Each structure stands twice: as structure tokens, then as C-alpha cells.
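Here is the structure we will look at.
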Amino acid sequence: MPRVVHFEIDAKNPEKAIKFYEKTFGWKIEKWTGPVDYWLITTGPQKKPGIDGGLSKRTEKEPSTVNTLDVPNLDDYIKKVKANGGKIIRPKGAVPGVGWLAYLKDPEGNTWGMMQADPKAK
């Protein structure tokens, strides 16, 4: 059963948002070394309940927080989403060295992501 494994926050001014979350919650936020501007958020020790996330520069008009589900086969779950009335808003794409990612909307307009781990993704 797929579970939420990651969250993403977008920000018009990432540096301002980073300062807020670090000072308010004590989160550790570090720039990702990947090909896009993205910051990894560590919310606490790995042995405690909770998930970590990421922060990116806002690309849409409205702010959003997106939860990402871990799925064993992204192509299979994209088919399930479509069959059950959902829409693909960003098709499957590689996150180099991490896996395959797609963004979707449910029939009520909620946005979320699905990720299939694959360290060979390019």
C-alpha cells in the first residue's frame, strides 16, 4: 500500500522560507546537488515518526504543499489514477539518481506526487 514519504513546499522567495522554517521549527535545510534549484528538508531524527521534505521556487500562481507517495511501479499507478478519474499534470520524469516522479490531481483538484525509487534514473 503506497504511503506518503515526502512533502514539498514551494516559495516565491526560497531563502526567506528557509530562514522561517529553520528558525521556527529547527529544521535542517540544505541545497540539493541535483540539476535544479531544490532544498532538502530534514524535520527530525530518522528513528522518530515523521517524514522529511523539500522546498522549491514557486512555479504556479498559488502557493502549495504537495505530498508524495512511494509506489512500486509508477506506470501502473498512473494507469490507476487515470482509470479512477484523476489527471496527470506533470508526466513521469527522472529525478537523477533518485527515481521517477509524476504529479497528479484527484477528481476534486487536489495535487500530489508519486515516486518510484530508482537510483539509475537519468
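Residue numbering restarts at 1 for every chain of the C-alpha cells, chains are lettered A, B, ... in their displayed order, and ligands are numbered from 1 as they appear.
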message = Need the shell around Ala117 in chain A: protein/DNA/RNA residues with any atom at most 7 Å away, counting only C-alpha atoms. Skip same-chain ones fewer than 4 positions apart. Format as a VMD selection string?
response = chain A and resid 98 to 100
Go ahead and write the selection's residues with C-alpha atoms as a PDB file, in the first residue's frame.
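Output contents, as saved in result22.pdb:
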ATOM      1  CA  VAL A  98      16.668   9.152  -7.045  1.00  0.00           C
ATOM      2  CA  GLY A  99      13.826   7.761  -9.149  1.00  0.00           C
ATOM      3  CA  TRP A 100      10.820   8.535 -11.336  1.00  0.00           C
TER       4      TRP A 100
END
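Considering only C-alpha atoms, the residue among A:Lys79, A:Asp37, A:Leu104, A:Ile88 positioned nearest to Arg58 in chain A is A:Asp37.
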I want to know what sits within 8 Å of range 3-8 of chain A, based on only C-alpha atoms, with residues of the same chain fewer than 2 positions away left out; could you give that as a PDB file with C-alpha atoms, in the first residue's frame?
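selection-v8.pdb, freshly written:
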ATOM      1  CA  MET A   1       0.000   0.000   0.000  1.00  0.00           C
ATOM      2  CA  ASP A  10       7.007  25.952  -2.757  1.00  0.00           C
ATOM      3  CA  ILE A  51       8.729  12.462   7.092  1.00  0.00           C
ATOM      4  CA  ASP A  52      11.239  14.786   5.505  1.00  0.00           C
ATOM      5  CA  GLY A  53      10.612  17.022   2.536  1.00  0.00           C
ATOM      6  CA  GLY A  54      11.838  19.560   0.084  1.00  0.00           C
ATOM      7  CA  LEU A  55      11.450  23.189  -0.897  1.00  0.00           C
ATOM      8  CA  SER A  56      11.433  24.674  -4.378  1.00  0.00           C
ATOM      9  CA  THR A  65       2.240  21.928  -0.351  1.00  0.00           C
ATOM     10  CA  VAL A  66       2.418  18.605  -2.166  1.00  0.00           C
ATOM     11  CA  ASN A  67       2.626  15.168  -0.573  1.00  0.00           C
ATOM     12  CA  THR A  68       4.455  12.447  -2.491  1.00  0.00           C
ATOM     13  CA  LEU A  69       3.554   8.763  -2.321  1.00  0.00           C
ATOM     14  CA  ASP A  70       6.069   5.959  -2.744  1.00  0.00           C
ATOM     15  CA  VAL A  71       4.810   3.460  -5.343  1.00  0.00           C
TER      16      VAL A  71
END
ask   = Can you list every residue in range 35-65 of chain A that DSSP puts in strand (DSSP E), as a PyMOL selection string?
value = chain A and resi 38-42+52-57+65
Write the residues of the preceding selection, restricted to N, CA and C atoms, as a PDB file, in the first residue's frame.
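This is the output file out-v3.pdb:
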ATOM      1  N   TYR A  38      16.727  23.158  -5.615  1.00  0.00           N
ATOM      2  CA  TYR A  38      15.856  22.405  -4.714  1.00  0.00           C
ATOM      3  C   TYR A  38      16.600  22.253  -3.401  1.00  0.00           C
ATOM      4  N   TRP A  39      15.880  22.373  -2.316  1.00  0.00           N
ATOM      5  CA  TRP A  39      16.459  22.262  -0.996  1.00  0.00           C
ATOM      6  C   TRP A  39      15.823  21.080  -0.272  1.00  0.00           C
ATOM      7  N   LEU A  40      16.641  20.256   0.368  1.00  0.00           N
ATOM      8  CA  LEU A  40      16.155  19.101   1.118  1.00  0.00           C
ATOM      9  C   LEU A  40      15.901  19.511   2.560  1.00  0.00           C
ATOM     10  N   ILE A  41      14.767  19.094   3.104  1.00  0.00           N
ATOM     11  CA  ILE A  41      14.368  19.439   4.467  1.00  0.00           C
ATOM     12  C   ILE A  41      14.420  18.191   5.336  1.00  0.00           C
ATOM     13  N   THR A  42      15.187  18.271   6.411  1.00  0.00           N
ATOM     14  CA  THR A  42      15.200  17.212   7.416  1.00  0.00           C
ATOM     15  C   THR A  42      14.437  17.742   8.614  1.00  0.00           C
ATOM     16  N   ASP A  52      10.452  13.634   5.918  1.00  0.00           N
ATOM     17  CA  ASP A  52      11.239  14.786   5.505  1.00  0.00           C
ATOM     18  C   ASP A  52      10.667  15.311   4.193  1.00  0.00           C
ATOM     19  N   GLY A  53      11.189  16.432   3.731  1.00  0.00           N
ATOM     20  CA  GLY A  53      10.612  17.022   2.536  1.00  0.00           C
ATOM     21  C   GLY A  53      11.601  17.828   1.732  1.00  0.00           C
ATOM     22  N   GLY A  54      11.041  18.711   0.942  1.00  0.00           N
ATOM     23  CA  GLY A  54      11.838  19.560   0.084  1.00  0.00           C
ATOM     24  C   GLY A  54      11.174  20.908  -0.114  1.00  0.00           C
ATOM     25  N   LEU A  55      11.937  21.849  -0.635  1.00  0.00           N
ATOM     26  CA  LEU A  55      11.450  23.189  -0.897  1.00  0.00           C
ATOM     27  C   LEU A  55      11.952  23.607  -2.268  1.00  0.00           C
ATOM     28  N   SER A  56      11.058  24.218  -3.037  1.00  0.00           N
ATOM     29  CA  SER A  56      11.433  24.674  -4.378  1.00  0.00           C
ATOM     30  C   SER A  56      10.875  26.069  -4.617  1.00  0.00           C
ATOM     31  N   LYS A  57      11.388  26.706  -5.655  1.00  0.00           N
ATOM     32  CA  LYS A  57      10.864  28.010  -6.058  1.00  0.00           C
ATOM     33  C   LYS A  57       9.489  27.813  -6.684  1.00  0.00           C
ATOM     34  N   THR A  65       1.454  22.962  -0.996  1.00  0.00           N
ATOM     35  CA  THR A  65       2.240  21.928  -0.351  1.00  0.00           C
ATOM     36  C   THR A  65       1.797  20.628  -0.980  1.00  0.00           C
TER      37      THR A  65
END
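The space separating CA of Asn110 in chain A from CA of Lys12 in chain A comes to 20.5 Å.
Taking only C-alpha atoms, the non-local environment of Lys87 in chain A within 7 Å (same-chain residues fewer than 2 positions away omitted) comprises Val81, Lys82, Gly85, Ile89, Leu104, Lys105 and Asp106 of chain A.
Distance-wise, CA of Thr43 in chain A and CA of Gln116 in chain A end up 22.0 Å apart.
Counting from CA of Asn13 in chain A, the distance to CA of Trp32 in chain A is 16.6 Å.
Closest approach to Met114 in chain A from the set A:Pro2, A:Tyr21, A:Lys48, A:Thr33 is made by A:Pro2, with distances taken over only C-alpha atoms.
Distance annotation: of A:Glu108, A:Met115, A:Pro14, A:Ile29, the residue with the minimal separation from Ile78 in chain A is A:Met115; atom set is only C-alpha atoms.
DSSP secondary structure from the backbone places A:Pro14, A:Glu15, A:Lys16, A:Ala17, A:Ile18, A:Lys19, A:Phe20, A:Tyr21, A:Glu22, A:Lys23, A:Thr24, A:Phe25, A:Leu74, A:Asp75, A:Asp76, A:Tyr77, A:Ile78, A:Lys79, A:Lys80, A:Val81, A:Lys82, A:Ala83 of range 2-87 of chain A in alpha helix (DSSP H).
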